[in-house]
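With compact mmCIF, C-alpha atoms inside, this is data-v7.txt:
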# COMPACT_ATOMS: atom_id res chain seq x y z
CA MET A 1 36.24 -2.93 -57.35
CA GLU A 2 38.99 -4.64 -59.25
CA ARG A 3 41.33 -6.50 -56.90
CA TYR A 4 44.74 -4.88 -56.92
CA ARG A 5 47.78 -7.14 -56.77
CA ILE A 6 50.82 -4.96 -56.35
CA VAL A 7 54.55 -5.64 -56.17
CA PHE A 8 57.05 -2.96 -55.18
CA SER A 9 60.64 -4.01 -55.86
CA GLY A 10 64.07 -2.51 -55.50
CA SER A 11 67.17 -2.92 -53.38
CA GLY A 12 67.42 -3.10 -49.61
CA GLY A 13 67.40 0.37 -48.13
CA GLN A 14 65.16 1.97 -50.74
CA GLY A 15 62.19 1.61 -48.43
CA VAL A 16 59.95 -0.54 -50.60
CA ILE A 17 58.70 -2.56 -47.62
CA THR A 18 57.83 0.61 -45.73
CA SER A 19 55.93 2.05 -48.67
CA ALA A 20 53.98 -1.18 -49.07
CA ILE A 21 52.98 -1.10 -45.40
CA ILE A 22 51.96 2.56 -45.65
CA LEU A 23 49.83 1.82 -48.70
CA ALA A 24 48.14 -1.14 -46.99
CA GLU A 25 47.43 0.88 -43.85
CA ALA A 26 46.07 3.81 -45.86
CA ALA A 27 43.67 1.50 -47.69
CA VAL A 28 42.48 -0.27 -44.55
CA LEU A 29 42.39 2.49 -41.97
CA HIS A 30 41.12 5.32 -44.15
CA GLU A 31 39.37 3.83 -47.18
CA ASN A 32 37.47 0.93 -45.66
CA LEU A 33 39.26 -1.60 -47.84
CA THR A 34 40.98 -4.87 -46.96
CA ALA A 35 44.66 -5.48 -47.48
CA VAL A 36 47.33 -8.11 -47.13
CA GLN A 37 50.96 -7.13 -47.20
CA SER A 38 53.87 -9.55 -47.28
CA GLN A 39 57.53 -10.10 -47.86
CA VAL A 40 58.92 -13.37 -49.14
CA TYR A 41 62.57 -13.56 -48.26
CA GLY A 42 64.86 -16.11 -49.78
CA ALA A 43 67.96 -16.34 -51.88
CA GLU A 44 67.01 -13.14 -53.69
CA ALA A 45 67.01 -11.13 -50.44
CA ARG A 46 70.58 -12.23 -49.87
CA GLY A 47 71.36 -11.14 -53.44
CA GLY A 48 70.18 -7.63 -52.64
CA SER A 49 66.73 -7.49 -54.26
CA THR A 50 63.80 -6.62 -52.08
CA ARG A 51 60.25 -7.40 -53.06
CA SER A 52 57.18 -6.40 -51.16
CA ASP A 53 53.65 -7.48 -52.05
CA VAL A 54 50.32 -5.84 -51.33
CA ILE A 55 46.84 -7.05 -52.22
CA ILE A 56 44.03 -4.56 -51.83
CA SER A 57 40.37 -5.37 -52.21
CA ASP A 58 36.94 -4.41 -51.00
CA SER A 59 36.25 -8.00 -49.97
CA GLU A 60 38.09 -10.57 -47.88
CA ILE A 61 41.42 -11.83 -49.19
CA TYR A 62 42.10 -15.51 -48.66
CA PHE A 63 45.37 -16.12 -50.45
CA PRO A 64 48.00 -13.55 -49.57
CA LYS A 65 50.66 -14.26 -52.18
CA VAL A 66 50.92 -12.24 -55.38
CA THR A 67 51.84 -14.43 -58.32
CA GLN A 68 50.97 -12.03 -61.15
CA PRO A 69 50.84 -8.38 -60.12
CA ASN A 70 48.66 -6.02 -62.10
CA VAL A 71 50.89 -3.21 -60.90
CA LEU A 72 54.64 -3.76 -60.65
CA VAL A 73 57.11 -1.06 -59.64
CA CYS A 74 60.84 -1.66 -60.16
CA LEU A 75 63.35 0.77 -58.68
CA THR A 76 66.53 -1.05 -59.73
CA GLN A 77 67.78 -2.88 -62.80
CA GLU A 78 68.23 -6.06 -60.80
CA ALA A 79 64.64 -5.92 -59.57
CA TYR A 80 63.44 -5.24 -63.13
CA ASN A 81 65.47 -8.14 -64.50
CA LYS A 82 64.11 -10.45 -61.85
CA PHE A 83 60.47 -9.46 -61.69
CA SER A 84 59.32 -7.86 -64.95
CA GLY A 85 58.40 -11.29 -66.32
CA ILE A 86 55.73 -11.88 -63.70
CA ILE A 87 53.50 -8.96 -64.62
CA ARG A 88 49.89 -9.78 -65.39
CA PRO A 89 49.06 -9.31 -69.09
CA GLY A 90 47.62 -5.84 -69.55
CA GLY A 91 49.08 -4.68 -66.25
CA LEU A 92 51.06 -1.57 -65.42
CA LEU A 93 54.86 -1.61 -65.10
CA ILE A 94 56.41 1.47 -63.54
CA THR A 95 60.19 1.81 -63.53
CA ASP A 96 62.60 4.44 -62.32
CA ALA A 97 63.96 6.19 -65.42
CA LYS A 98 67.47 6.56 -64.04
CA TYR A 99 68.01 3.15 -62.46
CA VAL A 100 66.25 0.90 -64.93
CA GLU A 101 66.98 0.39 -68.59
CA ILE A 102 64.06 -1.29 -70.32
CA THR A 103 65.42 -4.31 -72.15
CA LYS A 104 62.34 -6.43 -72.80
CA LYS A 105 58.90 -6.08 -74.23
CA VAL A 106 56.23 -7.19 -71.83
CA ASP A 107 52.47 -7.33 -72.35
CA ALA A 108 51.86 -4.33 -70.10
CA ARG A 109 51.77 -0.57 -70.12
CA GLN A 110 55.37 0.46 -69.42
CA ARG A 111 55.95 3.84 -67.84
CA GLU A 112 59.44 5.12 -67.11
CA ILE A 113 59.20 7.86 -64.51
CA PRO A 114 62.19 9.96 -63.39
CA MET A 115 61.45 9.49 -59.69
CA TYR A 116 64.95 9.40 -58.31
CA GLU A 117 66.08 12.33 -60.42
CA ALA A 118 63.09 14.44 -59.36
CA VAL A 119 63.62 13.65 -55.68
CA MET A 120 67.27 14.61 -55.86
CA GLU A 121 66.62 17.79 -57.89
CA LYS A 122 63.56 19.09 -56.08
CA ILE A 123 64.12 17.79 -52.55
CA GLY A 124 67.71 16.60 -52.33
CA LYS A 125 66.96 13.82 -49.82
CA PRO A 126 67.03 10.26 -51.16
CA ILE A 127 65.31 9.04 -47.98
CA VAL A 128 61.91 10.05 -49.42
CA PHE A 129 62.44 8.23 -52.73
CA ASN A 130 59.95 5.60 -51.58
CA ILE A 131 57.31 8.20 -50.73
CA CYS A 132 57.74 9.81 -54.15
CA MET A 133 57.28 6.33 -55.61
CA LEU A 134 54.07 6.00 -53.61
CA GLY A 135 52.94 9.34 -55.04
CA VAL A 136 53.55 8.03 -58.55
CA PHE A 137 51.66 4.87 -57.69
CA ILE A 138 48.57 6.67 -56.44
CA GLY A 139 48.80 9.22 -59.24
CA MET A 140 48.66 6.41 -61.78
CA THR A 141 46.11 4.18 -60.07
CA GLU A 142 44.00 6.49 -57.89
CA LEU A 143 43.64 3.49 -55.60
CA VAL A 144 43.84 5.53 -52.39
CA LYS A 145 43.67 9.25 -51.72
CA PRO A 146 46.83 11.18 -50.86
CA GLU A 147 45.16 12.34 -47.63
CA SER A 148 44.86 8.72 -46.56
CA VAL A 149 48.60 8.24 -47.03
CA MET A 150 49.28 11.43 -45.11
CA SER A 151 47.07 10.27 -42.23
CA VAL A 152 49.14 7.11 -41.94
CA LEU A 153 52.37 9.11 -42.07
CA GLU A 154 51.11 11.41 -39.33
CA ARG A 155 50.86 8.41 -37.01
CA ARG A 156 54.17 6.91 -38.05
CA ILE A 157 56.76 9.66 -38.35
CA PRO A 158 57.90 12.60 -36.25
CA LYS A 159 56.11 15.89 -36.95
CA GLY A 160 59.28 17.54 -38.20
CA PHE A 161 59.42 15.15 -41.16
CA LEU A 162 55.82 15.41 -42.29
CA GLU A 163 56.33 18.34 -44.65
CA LEU A 164 59.25 16.60 -46.36
CA ASN A 165 57.11 13.52 -46.91
CA ARG A 166 54.11 15.52 -48.11
CA HIS A 167 56.39 17.22 -50.60
CA ALA A 168 57.73 13.88 -51.86
CA LEU A 169 54.23 12.40 -52.18
CA GLN A 170 53.00 15.43 -54.13
CA LEU A 171 56.12 15.36 -56.31
CA GLY A 172 55.36 11.76 -57.25
CA MET A 173 51.77 12.62 -58.12
CA ASP A 174 52.95 15.59 -60.20
CA LEU A 175 55.26 13.30 -62.16
CA THR A 176 52.25 11.36 -63.41
CA GLU A 177 50.49 14.38 -64.84
CA GLY A 178 50.07 13.93 -68.56
CA VAL A 179 51.34 10.34 -68.36
CA ARG A 180 48.96 7.89 -69.95
CA ARG A 181 47.38 5.64 -67.32
CA MET B 1 64.52 -27.96 -38.47
CA GLU B 2 61.01 -27.55 -37.19
CA ARG B 3 59.13 -24.94 -39.20
CA TYR B 4 58.40 -21.92 -37.04
CA ARG B 5 55.04 -20.22 -37.44
CA ILE B 6 55.09 -17.07 -35.41
CA VAL B 7 52.52 -14.38 -34.65
CA PHE B 8 53.43 -11.14 -32.91
CA SER B 9 50.38 -9.18 -31.79
CA GLY B 10 49.65 -5.97 -29.97
CA SER B 11 48.32 -2.53 -30.68
CA GLY B 12 49.32 -0.12 -33.45
CA GLY B 13 52.43 1.79 -32.46
CA GLN B 14 54.01 -0.99 -30.39
CA GLY B 15 56.23 -1.93 -33.30
CA VAL B 16 55.15 -5.53 -33.79
CA ILE B 17 55.40 -5.28 -37.58
CA THR B 18 58.90 -3.86 -37.36
CA SER B 19 60.04 -6.62 -35.02
CA ALA B 20 58.61 -9.26 -37.34
CA ILE B 21 60.50 -7.78 -40.29
CA ILE B 22 63.73 -7.61 -38.27
CA LEU B 23 63.33 -11.25 -37.25
CA ALA B 24 62.68 -12.36 -40.82
CA GLU B 25 65.67 -10.43 -42.15
CA ALA B 26 67.95 -11.77 -39.41
CA ALA B 27 66.95 -15.34 -40.29
CA VAL B 28 67.40 -14.88 -44.03
CA LEU B 29 70.39 -12.59 -44.29
CA HIS B 30 72.48 -14.01 -41.46
CA GLU B 31 71.34 -17.55 -40.75
CA ASN B 32 70.76 -18.91 -44.23
CA LEU B 33 67.10 -19.63 -43.54
CA THR B 34 63.98 -18.80 -45.54
CA ALA B 35 61.24 -16.53 -44.25
CA VAL B 36 57.89 -15.09 -45.17
CA GLN B 37 56.53 -12.13 -43.28
CA SER B 38 53.05 -10.73 -43.65
CA GLN B 39 50.32 -8.51 -42.30
CA VAL B 40 46.66 -9.19 -42.86
CA TYR B 41 44.73 -6.00 -42.35
CA GLY B 42 41.02 -5.95 -41.97
CA ALA B 43 38.34 -4.98 -39.49
CA GLU B 44 40.67 -5.83 -36.63
CA ALA B 45 43.29 -3.31 -37.77
CA ARG B 46 40.62 -0.62 -37.61
CA GLY B 47 39.79 -1.83 -34.10
CA GLY B 48 43.34 -1.22 -33.00
CA SER B 49 44.84 -4.71 -32.92
CA THR B 50 47.92 -5.34 -34.99
CA ARG B 51 49.01 -8.80 -35.99
CA SER B 52 52.17 -9.66 -37.82
CA ASP B 53 53.06 -13.15 -39.04
CA VAL B 54 56.44 -14.72 -39.74
CA ILE B 55 57.20 -18.19 -41.00
CA ILE B 56 60.81 -19.32 -40.78
CA SER B 57 62.15 -22.52 -42.24
CA ASP B 58 65.23 -24.09 -43.74
CA SER B 59 63.29 -25.03 -46.86
CA GLU B 60 61.04 -23.17 -49.27
CA ILE B 61 57.76 -21.85 -47.91
CA TYR B 62 54.80 -22.11 -50.27
CA PHE B 63 51.88 -20.92 -48.20
CA PRO B 64 52.59 -17.67 -46.41
CA LYS B 65 49.67 -17.45 -44.04
CA VAL B 66 49.93 -18.57 -40.42
CA THR B 67 46.75 -20.29 -39.26
CA GLN B 68 48.07 -21.92 -36.07
CA PRO B 69 51.23 -20.32 -34.70
CA ASN B 70 53.56 -22.44 -32.62
CA VAL B 71 54.80 -19.23 -31.04
CA LEU B 72 52.33 -16.45 -30.25
CA VAL B 73 53.29 -13.21 -28.54
CA CYS B 74 50.54 -10.91 -27.21
CA LEU B 75 51.43 -7.45 -25.97
CA THR B 76 47.91 -6.23 -25.18
CA GLN B 77 44.78 -7.68 -23.60
CA GLU B 78 42.82 -7.08 -26.80
CA ALA B 79 45.39 -8.99 -28.85
CA TYR B 80 45.37 -11.81 -26.28
CA ASN B 81 41.57 -11.98 -26.30
CA LYS B 82 41.53 -12.08 -30.07
CA PHE B 83 44.40 -14.41 -30.87
CA SER B 84 45.13 -16.74 -27.94
CA GLY B 85 42.63 -19.25 -29.31
CA ILE B 86 44.61 -19.86 -32.49
CA ILE B 87 47.75 -21.21 -30.86
CA ARG B 88 48.91 -24.60 -32.04
CA PRO B 89 48.48 -27.29 -29.37
CA GLY B 90 51.74 -27.62 -27.46
CA GLY B 91 52.91 -24.22 -28.66
CA LEU B 92 54.38 -21.32 -26.73
CA LEU B 93 52.30 -18.32 -25.68
CA ILE B 94 54.25 -15.31 -24.44
CA THR B 95 52.34 -12.39 -22.93
CA ASP B 96 53.35 -9.11 -21.40
CA ALA B 97 52.84 -9.43 -17.65
CA LYS B 98 51.59 -5.87 -17.21
CA TYR B 99 49.28 -5.53 -20.18
CA VAL B 100 47.75 -9.00 -20.34
CA GLU B 101 45.71 -10.79 -17.73
CA ILE B 102 45.53 -14.50 -18.49
CA THR B 103 41.87 -15.46 -18.50
CA LYS B 104 41.79 -18.78 -20.35
CA LYS B 105 43.53 -22.09 -20.31
CA VAL B 106 45.05 -22.98 -23.65
CA ASP B 107 46.91 -26.13 -24.64
CA ALA B 108 50.27 -24.34 -24.72
CA ARG B 109 53.11 -23.31 -22.48
CA GLN B 110 52.08 -19.91 -21.14
CA ARG B 111 54.80 -17.53 -20.06
CA GLU B 112 54.01 -14.11 -18.61
CA ILE B 113 57.09 -11.93 -18.96
CA PRO B 114 57.34 -8.42 -17.47
CA MET B 115 58.68 -6.90 -20.69
CA TYR B 116 57.11 -3.48 -20.54
CA GLU B 117 57.92 -3.04 -16.85
CA ALA B 118 61.56 -4.02 -17.42
CA VAL B 119 61.93 -1.66 -20.37
CA MET B 120 60.52 1.26 -18.40
CA GLU B 121 62.56 0.49 -15.27
CA LYS B 122 65.90 -0.32 -16.85
CA ILE B 123 65.82 1.80 -20.01
CA GLY B 124 62.95 4.25 -19.63
CA LYS B 125 62.18 4.39 -23.36
CA PRO B 126 59.01 2.60 -24.49
CA ILE B 127 60.16 2.86 -28.11
CA VAL B 128 62.36 -0.23 -27.64
CA PHE B 129 59.58 -2.36 -26.15
CA ASN B 130 59.41 -4.31 -29.41
CA ILE B 131 63.15 -5.00 -29.40
CA CYS B 132 62.94 -6.25 -25.80
CA MET B 133 60.10 -8.50 -26.97
CA LEU B 134 62.37 -9.79 -29.75
CA GLY B 135 65.03 -10.50 -27.09
CA VAL B 136 62.48 -12.53 -25.12
CA PHE B 137 61.49 -14.36 -28.29
CA ILE B 138 65.04 -15.38 -29.19
CA GLY B 139 65.84 -16.14 -25.55
CA MET B 140 62.95 -18.59 -25.44
CA THR B 141 63.32 -20.12 -28.88
CA GLU B 142 67.00 -19.71 -29.81
CA LEU B 143 65.74 -19.49 -33.38
CA VAL B 144 68.25 -16.82 -34.42
CA LYS B 145 71.35 -15.44 -32.75
CA PRO B 146 71.29 -11.99 -31.14
CA GLU B 147 74.23 -10.98 -33.36
CA SER B 148 72.06 -11.63 -36.41
CA VAL B 149 69.42 -9.27 -35.07
CA MET B 150 72.08 -6.67 -34.31
CA SER B 151 73.45 -6.96 -37.87
CA VAL B 152 69.99 -6.16 -39.23
CA LEU B 153 69.60 -3.25 -36.84
CA GLU B 154 72.98 -1.88 -37.89
CA ARG B 155 71.67 -1.55 -41.44
CA ARG B 156 68.31 -0.14 -40.43
CA ILE B 157 68.79 2.42 -37.70
CA PRO B 158 71.06 5.39 -37.07
CA LYS B 159 74.29 4.61 -35.23
CA GLY B 160 73.31 6.70 -32.25
CA PHE B 161 70.41 4.35 -31.47
CA LEU B 162 72.29 1.05 -31.73
CA GLU B 163 73.38 0.88 -28.10
CA LEU B 164 69.83 1.53 -26.90
CA ASN B 165 68.56 -1.31 -29.07
CA ARG B 166 71.35 -3.66 -28.06
CA HIS B 167 70.47 -2.96 -24.43
CA ALA B 168 66.78 -3.70 -25.03
CA LEU B 169 67.55 -6.93 -26.90
CA GLN B 170 69.83 -8.12 -24.10
CA LEU B 171 67.27 -7.12 -21.50
CA GLY B 172 64.69 -9.31 -23.20
CA MET B 173 67.09 -12.25 -23.32
CA ASP B 174 67.92 -11.74 -19.63
CA LEU B 175 64.22 -11.86 -18.78
CA THR B 176 64.05 -15.42 -20.07
CA GLU B 177 66.82 -16.69 -17.83
CA GLY B 178 65.46 -19.34 -15.54
CA VAL B 179 62.12 -19.35 -17.37
CA ARG B 180 61.11 -22.81 -18.53
CA ARG B 181 61.20 -23.04 -22.32

Here is a file; write its structure as structure tokens.
Amino acid sequence: MERYRIVFSGSGGQGVITSAIILAEAAVLHENLTAVQSQVYGAEARGGSTRSDVIISDSEIYFPKVTQPNVLVCLTQEAYNKFSGIIRPGGLLITDAKYVEITKKVDARQREIPMYEAVMEKIGKPIVFNICMLGVFIGMTELVKPESVMSVLERRIPKGFLELNRHALQLGMDLTEGVRR
Amino acid sequence: MERYRIVFSGSGGQGVITSAIILAEAAVLHENLTAVQSQVYGAEARGGSTRSDVIISDSEIYFPKVTQPNVLVCLTQEAYNKFSGIIRPGGLLITDAKYVEITKKVDARQREIPMYEAVMEKIGKPIVFNICMLGVFIGMTELVKPESVMSVLERRIPKGFLELNRHALQLGMDLTEGVRR
């Protein structure tokens, strides 16, 4: 398989680290893949941008840092401004349609998806924004199956919240229908 | 400052990843340090061992992987069996006194701390085991201040759970009183 180098970015509190960990666990525990997941904190964390990296492969991963992601998700303008330049040529850049205004041309497929708007309209709970984002991610990449994500969530969150999360994941996948990959 | 290379290890569900993220955020957001936090998932994650790495420094960190930790915490026998061999000579090995039986001599200070027992006796809620472990860690290393950890927790968890976590953190610090560093 192609090695996936993924960066999820946004602001603190949007849950990008959690979604990266869920993705890595889904790949490793339920799809027999290997994953490395990391956060590099520095001046930018103090500035309010959060960045979370995941590498997923079917073979061993020796160097855990993502320098050029082939998939980059930006949930805020600040994250977009900071990270859109690092995308791998020919990669996939996914941005939230409400929070991010596209200001530059990059050598990548750019897809603006109304994630936040859909979550607020259809579910009304911003806490699952990151799970909707994960749904968009797997809808666009088909890197892991939604059932694998749900299996991880079943271990991690209280039963009463599972349906909410399943809804958000499905919503994200639905948002990618008809969107060019 | 000395560069800290830290590995927290245990089984899935003990919260070692969460405690590593909290530690990294405390160092970066409240102590002006730099941190890298990562999980390498592979066959061992499927076997049930979880390992979470943190590097903390006052200068930039280029290579995010910990090969020889100078502080290693093991919360289960399986984690101890798997990881105790990687400790840096002269490092600090902290184990849970109930879950881990020390079976090897390593070139490190070994400290068996009754974390789980104390949490169950004094608090009765295993969910804060990882926060008690963090209290032990900062009690032994003084790497970050407890207030920095509490500031991170204030942003991350509902208000109603703060006191419980504060109690667990303090309990961990208390457990290190009189223990040789």

Check your understanding: At a cut-off of 12 Å from (62.9, -19.3, -25.5) in the coordinates of the file, what residues are picked up using all atoms listed in the file, written as a ChimeraX atom specification?
Key -> /B:71-73,91-94,109-111,113,133-145,172-181

Show me, as JSON lines, the residues of chain B having an atom within 6 Å of chain A, each with the closest atom pair and its distance in Å, using all atoms listed in the file.
{"residue": "B:Leu29", "atom": "CA", "partner": "A:Arg46", "partner_atom": "CA", "distance": 5.6}
{"residue": "B:Thr34", "atom": "CA", "partner": "A:Gly42", "partner_atom": "CA", "distance": 5.1}
{"residue": "B:Ala35", "atom": "CA", "partner": "A:Tyr41", "partner_atom": "CA", "distance": 5.2}
{"residue": "B:Val36", "atom": "CA", "partner": "A:Val40", "partner_atom": "CA", "distance": 4.4}
{"residue": "B:Gln37", "atom": "CA", "partner": "A:Gln39", "partner_atom": "CA", "distance": 5.1}
{"residue": "B:Ser38", "atom": "CA", "partner": "A:Ser38", "partner_atom": "CA", "distance": 3.9}
{"residue": "B:Gln39", "atom": "CA", "partner": "A:Gln37", "partner_atom": "CA", "distance": 5.1}
{"residue": "B:Val40", "atom": "CA", "partner": "A:Val36", "partner_atom": "CA", "distance": 4.5}
{"residue": "B:Tyr41", "atom": "CA", "partner": "A:Ala35", "partner_atom": "CA", "distance": 5.2}
{"residue": "B:Gly42", "atom": "CA", "partner": "A:Thr34", "partner_atom": "CA", "distance": 5.1}
{"residue": "B:Arg46", "atom": "CA", "partner": "A:Leu29", "partner_atom": "CA", "distance": 5.6}

Could you do a least-squares fit of chain B on chain A over every C-alpha atom, in sequence order, and give the output as a compact mmCIF listing (two decimals) with C-alpha atoms, in the frame of the given file?
# COMPACT_ATOMS: atom_id res chain seq x y z
CA MET B 1 36.27 -2.95 -57.39
CA GLU B 2 39.02 -4.69 -59.28
CA ARG B 3 41.34 -6.52 -56.91
CA TYR B 4 44.76 -4.89 -56.92
CA ARG B 5 47.80 -7.14 -56.76
CA ILE B 6 50.82 -4.96 -56.33
CA VAL B 7 54.56 -5.64 -56.16
CA PHE B 8 57.06 -2.97 -55.17
CA SER B 9 60.64 -4.00 -55.86
CA GLY B 10 64.08 -2.52 -55.51
CA SER B 11 67.16 -2.92 -53.39
CA GLY B 12 67.43 -3.11 -49.60
CA GLY B 13 67.42 0.36 -48.11
CA GLN B 14 65.17 1.96 -50.74
CA GLY B 15 62.19 1.61 -48.43
CA VAL B 16 59.96 -0.55 -50.59
CA ILE B 17 58.69 -2.55 -47.61
CA THR B 18 57.83 0.61 -45.72
CA SER B 19 55.93 2.05 -48.68
CA ALA B 20 53.98 -1.18 -49.06
CA ILE B 21 52.98 -1.09 -45.39
CA ILE B 22 51.97 2.58 -45.65
CA LEU B 23 49.83 1.81 -48.70
CA ALA B 24 48.14 -1.13 -47.00
CA GLU B 25 47.42 0.88 -43.86
CA ALA B 26 46.07 3.82 -45.86
CA ALA B 27 43.67 1.50 -47.70
CA VAL B 28 42.47 -0.26 -44.56
CA LEU B 29 42.38 2.50 -41.98
CA HIS B 30 41.11 5.33 -44.17
CA GLU B 31 39.36 3.86 -47.19
CA ASN B 32 37.48 0.95 -45.67
CA LEU B 33 39.26 -1.59 -47.86
CA THR B 34 40.97 -4.87 -46.98
CA ALA B 35 44.67 -5.48 -47.50
CA VAL B 36 47.33 -8.10 -47.12
CA GLN B 37 50.97 -7.12 -47.18
CA SER B 38 53.87 -9.53 -47.27
CA GLN B 39 57.54 -10.11 -47.86
CA VAL B 40 58.93 -13.38 -49.11
CA TYR B 41 62.58 -13.58 -48.23
CA GLY B 42 64.86 -16.11 -49.75
CA ALA B 43 67.97 -16.35 -51.89
CA GLU B 44 67.00 -13.15 -53.67
CA ALA B 45 66.99 -11.13 -50.44
CA ARG B 46 70.57 -12.24 -49.86
CA GLY B 47 71.36 -11.12 -53.42
CA GLY B 48 70.17 -7.64 -52.63
CA SER B 49 66.74 -7.50 -54.26
CA THR B 50 63.80 -6.61 -52.08
CA ARG B 51 60.25 -7.42 -53.05
CA SER B 52 57.18 -6.40 -51.16
CA ASP B 53 53.65 -7.49 -52.05
CA VAL B 54 50.31 -5.84 -51.33
CA ILE B 55 46.85 -7.05 -52.23
CA ILE B 56 44.03 -4.55 -51.83
CA SER B 57 40.38 -5.36 -52.22
CA ASP B 58 36.93 -4.42 -51.02
CA SER B 59 36.26 -8.00 -49.98
CA GLU B 60 38.10 -10.57 -47.89
CA ILE B 61 41.42 -11.82 -49.21
CA TYR B 62 42.10 -15.52 -48.67
CA PHE B 63 45.36 -16.12 -50.46
CA PRO B 64 48.00 -13.56 -49.57
CA LYS B 65 50.65 -14.27 -52.16
CA VAL B 66 50.91 -12.25 -55.36
CA THR B 67 51.84 -14.44 -58.32
CA GLN B 68 50.98 -12.03 -61.16
CA PRO B 69 50.84 -8.38 -60.11
CA ASN B 70 48.66 -6.03 -62.09
CA VAL B 71 50.89 -3.21 -60.89
CA LEU B 72 54.64 -3.77 -60.65
CA VAL B 73 57.10 -1.08 -59.63
CA CYS B 74 60.84 -1.66 -60.16
CA LEU B 75 63.34 0.76 -58.68
CA THR B 76 66.53 -1.04 -59.73
CA GLN B 77 67.78 -2.87 -62.82
CA GLU B 78 68.24 -6.06 -60.81
CA ALA B 79 64.64 -5.92 -59.58
CA TYR B 80 63.44 -5.24 -63.14
CA ASN B 81 65.47 -8.14 -64.53
CA LYS B 82 64.11 -10.44 -61.87
CA PHE B 83 60.47 -9.46 -61.70
CA SER B 84 59.33 -7.86 -64.96
CA GLY B 85 58.40 -11.28 -66.33
CA ILE B 86 55.72 -11.88 -63.71
CA ILE B 87 53.49 -8.96 -64.62
CA ARG B 88 49.89 -9.79 -65.39
CA PRO B 89 49.06 -9.32 -69.08
CA GLY B 90 47.61 -5.84 -69.55
CA GLY B 91 49.07 -4.68 -66.25
CA LEU B 92 51.06 -1.58 -65.41
CA LEU B 93 54.84 -1.62 -65.09
CA ILE B 94 56.41 1.46 -63.52
CA THR B 95 60.19 1.79 -63.53
CA ASP B 96 62.59 4.43 -62.33
CA ALA B 97 63.94 6.19 -65.42
CA LYS B 98 67.46 6.56 -64.04
CA TYR B 99 68.00 3.17 -62.47
CA VAL B 100 66.23 0.91 -64.95
CA GLU B 101 66.96 0.41 -68.61
CA ILE B 102 64.03 -1.27 -70.34
CA THR B 103 65.40 -4.29 -72.16
CA LYS B 104 62.33 -6.43 -72.83
CA LYS B 105 58.88 -6.09 -74.24
CA VAL B 106 56.20 -7.20 -71.83
CA ASP B 107 52.45 -7.33 -72.36
CA ALA B 108 51.84 -4.34 -70.08
CA ARG B 109 51.77 -0.58 -70.12
CA GLN B 110 55.35 0.45 -69.41
CA ARG B 111 55.95 3.83 -67.84
CA GLU B 112 59.45 5.11 -67.12
CA ILE B 113 59.20 7.84 -64.51
CA PRO B 114 62.19 9.95 -63.40
CA MET B 115 61.45 9.48 -59.70
CA TYR B 116 64.95 9.41 -58.30
CA GLU B 117 66.09 12.34 -60.44
CA ALA B 118 63.09 14.43 -59.36
CA VAL B 119 63.62 13.65 -55.69
CA MET B 120 67.28 14.63 -55.86
CA GLU B 121 66.62 17.79 -57.89
CA LYS B 122 63.57 19.11 -56.08
CA ILE B 123 64.11 17.79 -52.55
CA GLY B 124 67.70 16.59 -52.34
CA LYS B 125 66.95 13.84 -49.82
CA PRO B 126 67.03 10.27 -51.16
CA ILE B 127 65.32 9.05 -47.98
CA VAL B 128 61.93 10.06 -49.42
CA PHE B 129 62.44 8.24 -52.72
CA ASN B 130 59.95 5.60 -51.58
CA ILE B 131 57.31 8.20 -50.72
CA CYS B 132 57.74 9.81 -54.15
CA MET B 133 57.28 6.33 -55.62
CA LEU B 134 54.06 5.99 -53.60
CA GLY B 135 52.94 9.36 -55.04
CA VAL B 136 53.56 8.03 -58.55
CA PHE B 137 51.66 4.86 -57.69
CA ILE B 138 48.57 6.67 -56.43
CA GLY B 139 48.80 9.22 -59.25
CA MET B 140 48.66 6.40 -61.78
CA THR B 141 46.12 4.18 -60.07
CA GLU B 142 44.01 6.49 -57.89
CA LEU B 143 43.65 3.49 -55.61
CA VAL B 144 43.86 5.53 -52.40
CA LYS B 145 43.70 9.25 -51.72
CA PRO B 146 46.86 11.18 -50.85
CA GLU B 147 45.17 12.35 -47.63
CA SER B 148 44.87 8.72 -46.55
CA VAL B 149 48.60 8.24 -47.01
CA MET B 150 49.28 11.45 -45.10
CA SER B 151 47.05 10.27 -42.22
CA VAL B 152 49.15 7.11 -41.94
CA LEU B 153 52.37 9.10 -42.07
CA GLU B 154 51.10 11.40 -39.33
CA ARG B 155 50.87 8.41 -37.01
CA ARG B 156 54.18 6.91 -38.05
CA ILE B 157 56.76 9.65 -38.34
CA PRO B 158 57.90 12.60 -36.24
CA LYS B 159 56.12 15.88 -36.94
CA GLY B 160 59.26 17.54 -38.18
CA PHE B 161 59.43 15.14 -41.15
CA LEU B 162 55.81 15.42 -42.29
CA GLU B 163 56.32 18.35 -44.65
CA LEU B 164 59.24 16.60 -46.34
CA ASN B 165 57.09 13.52 -46.90
CA ARG B 166 54.10 15.52 -48.08
CA HIS B 167 56.38 17.23 -50.60
CA ALA B 168 57.72 13.89 -51.87
CA LEU B 169 54.23 12.40 -52.18
CA GLN B 170 53.01 15.42 -54.14
CA LEU B 171 56.11 15.36 -56.30
CA GLY B 172 55.36 11.77 -57.26
CA MET B 173 51.76 12.62 -58.11
CA ASP B 174 52.94 15.59 -60.20
CA LEU B 175 55.26 13.30 -62.15
CA THR B 176 52.25 11.36 -63.40
CA GLU B 177 50.50 14.39 -64.84
CA GLY B 178 50.09 13.95 -68.55
CA VAL B 179 51.35 10.36 -68.37
CA ARG B 180 48.95 7.90 -69.94
CA ARG B 181 47.42 5.64 -67.30

Exercise for review: Could you give me, as a ChimeraX atom specification, the residues within 10 Å of Asn81 (chain A), counting all atoms listed in the file and dropping anything in the same chain fewer than 2 positions from it?
Suggested key: /A:74,76-79,83-85,100-104
